[in-house]
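Report on one structure; see the data block that follows.
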Amino acid sequence: MRSSVRRPVLIGGAAAAAVAAWWWTDAAPYPYAQRWLLDLPLPFLTNRRLDALLGARPGERVLEIGPGTGLQALHVAGLLGERGRLDIVDVQQPMLDHVMRRATAAKISSIIPAQADARELPFDDGSFDAAYLVTALGEIPDPVAAMRETRRVLKPGGRLVVGEFLDRHFVPLVTLLGYANEAGLRPSAWLGPPLAYFARFQPS
């Protein structure tokens, strides 16, 4: 009888220890060696909700910062059509290479990679119709600088969508609103619960 009670306790303790280890060792940027975790869909951060706020349309030019393994990139690129273009930016070249291999396998040719720091984007002012970051902003050392740079490369009336999910680098919505205000962006909509949300901003 004791062993049947003790085993669930031990298993539960091991699971808790694993979660704690992941939480405290979670690195920024997310290491390529653990890329398989980035392919796991996150509750509430669905492509349907991203679409609802980003509103990507055929022929537009869109920017993704921190594409990970391409979970959103392949989807968004498909919405842009043959005349559209999705630029992806990451500080890790292996991540970009991974996305491009997946794009090639899916016969998607509208994704253009660039290895760069989100705080110094290699694009001209007003280059993009829209931009988005999904669970990436909290991994950037200066989130306000990244949002300010993203605002710079957006066209007047452009859209920025930020997706956040509770992890060690989570950015609460109230904190994000403060960052946006400093960067000259105003909120226009958000979806999802406080611990897993999308928020949309536009240049002030």
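Residues are referred to by chain and number: the chain letter is A, B, ... according to the order shown in the structure tokens, the number counts from 1 in that chain, and ligands are numbered separately from 1 in the order shown.
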| message | Could you go through segment 73-168 of chain A and tell me which residues DSSP, when run on the backbone, assigns to strand (DSSP E or B), listing them as number ranges by chain? | response | A: 85-90, 111-115, 128-134, 154-165
| said: What's around Gly163 of chain A at 8 Å? Count only C-alpha atoms, leave out sequence neighbours fewer than 6 positions away in its own chain, and write the answer as number ranges by chain. | reply: A: 45, 132-135, 196-199
| From the list A:Arg152, A:Ile108, A:Val161, A:Glu139, which residue is nearest Glu64 of chain A when using only C-alpha atoms? | A:Val161
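Counting only C-alpha atoms and comparing A:Leu160, A:Ala183, A:Leu80, A:Leu154, the residue that lies closest to Phe123 of chain A is A:Leu154.
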| Which of these residues is nearest to Phe128 of chain A, using only C-alpha atoms: A:Gln115, A:Asn181, A:Ser109, A:Thr150? |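 Of A:Gln115, A:Asn181, A:Ser109, A:Thr150, the one nearest Phe128 of chain A, counting only C-alpha atoms, is A:Thr150.
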Sorted by chain and rising residue number, which residues of segment 99-128 of chain A lie within 8 Å of segment 155-158 of chain A, and what are their closest atom pairs and distances in Å to one decimal, counting only C-alpha atoms, as a tab-separated table?
residue	atom	partner	partner_atom	distance
A:Asp125	CA	A:Lys155	CA	7.6
A:Gly126	CA	A:Lys155	CA	4.0
A:Ser127	CA	A:Lys155	CA	6.1
A:Phe128	CA	A:Lys155	CA	5.7
Please produce a file of the residues just selected, as a PDB file, in the first residue's frame, where the atoms kept are C-alpha atoms.
ATOM      1  CA  ASP A 125      12.462  53.052 -42.568  1.00  0.00           C
ATOM      2  CA  GLY A 126       8.881  52.151 -43.482  1.00  0.00           C
ATOM      3  CA  SER A 127       9.742  48.849 -45.166  1.00  0.00           C
ATOM      4  CA  PHE A 128       6.995  46.630 -43.713  1.00  0.00           C
TER       5      PHE A 128
END
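One distance worth recording is that between atom CA of Asp97 of chain A and atom CA of His75 of chain A, which is 17.1 Å.
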| message | Give me, as number ranges by chain, the residues of segment 19-189 of chain A that a backbone DSSP run labels alpha helix (DSSP H). | response | A: 19-25, 47-54, 73-80, 93-105, 143-153, 173-183
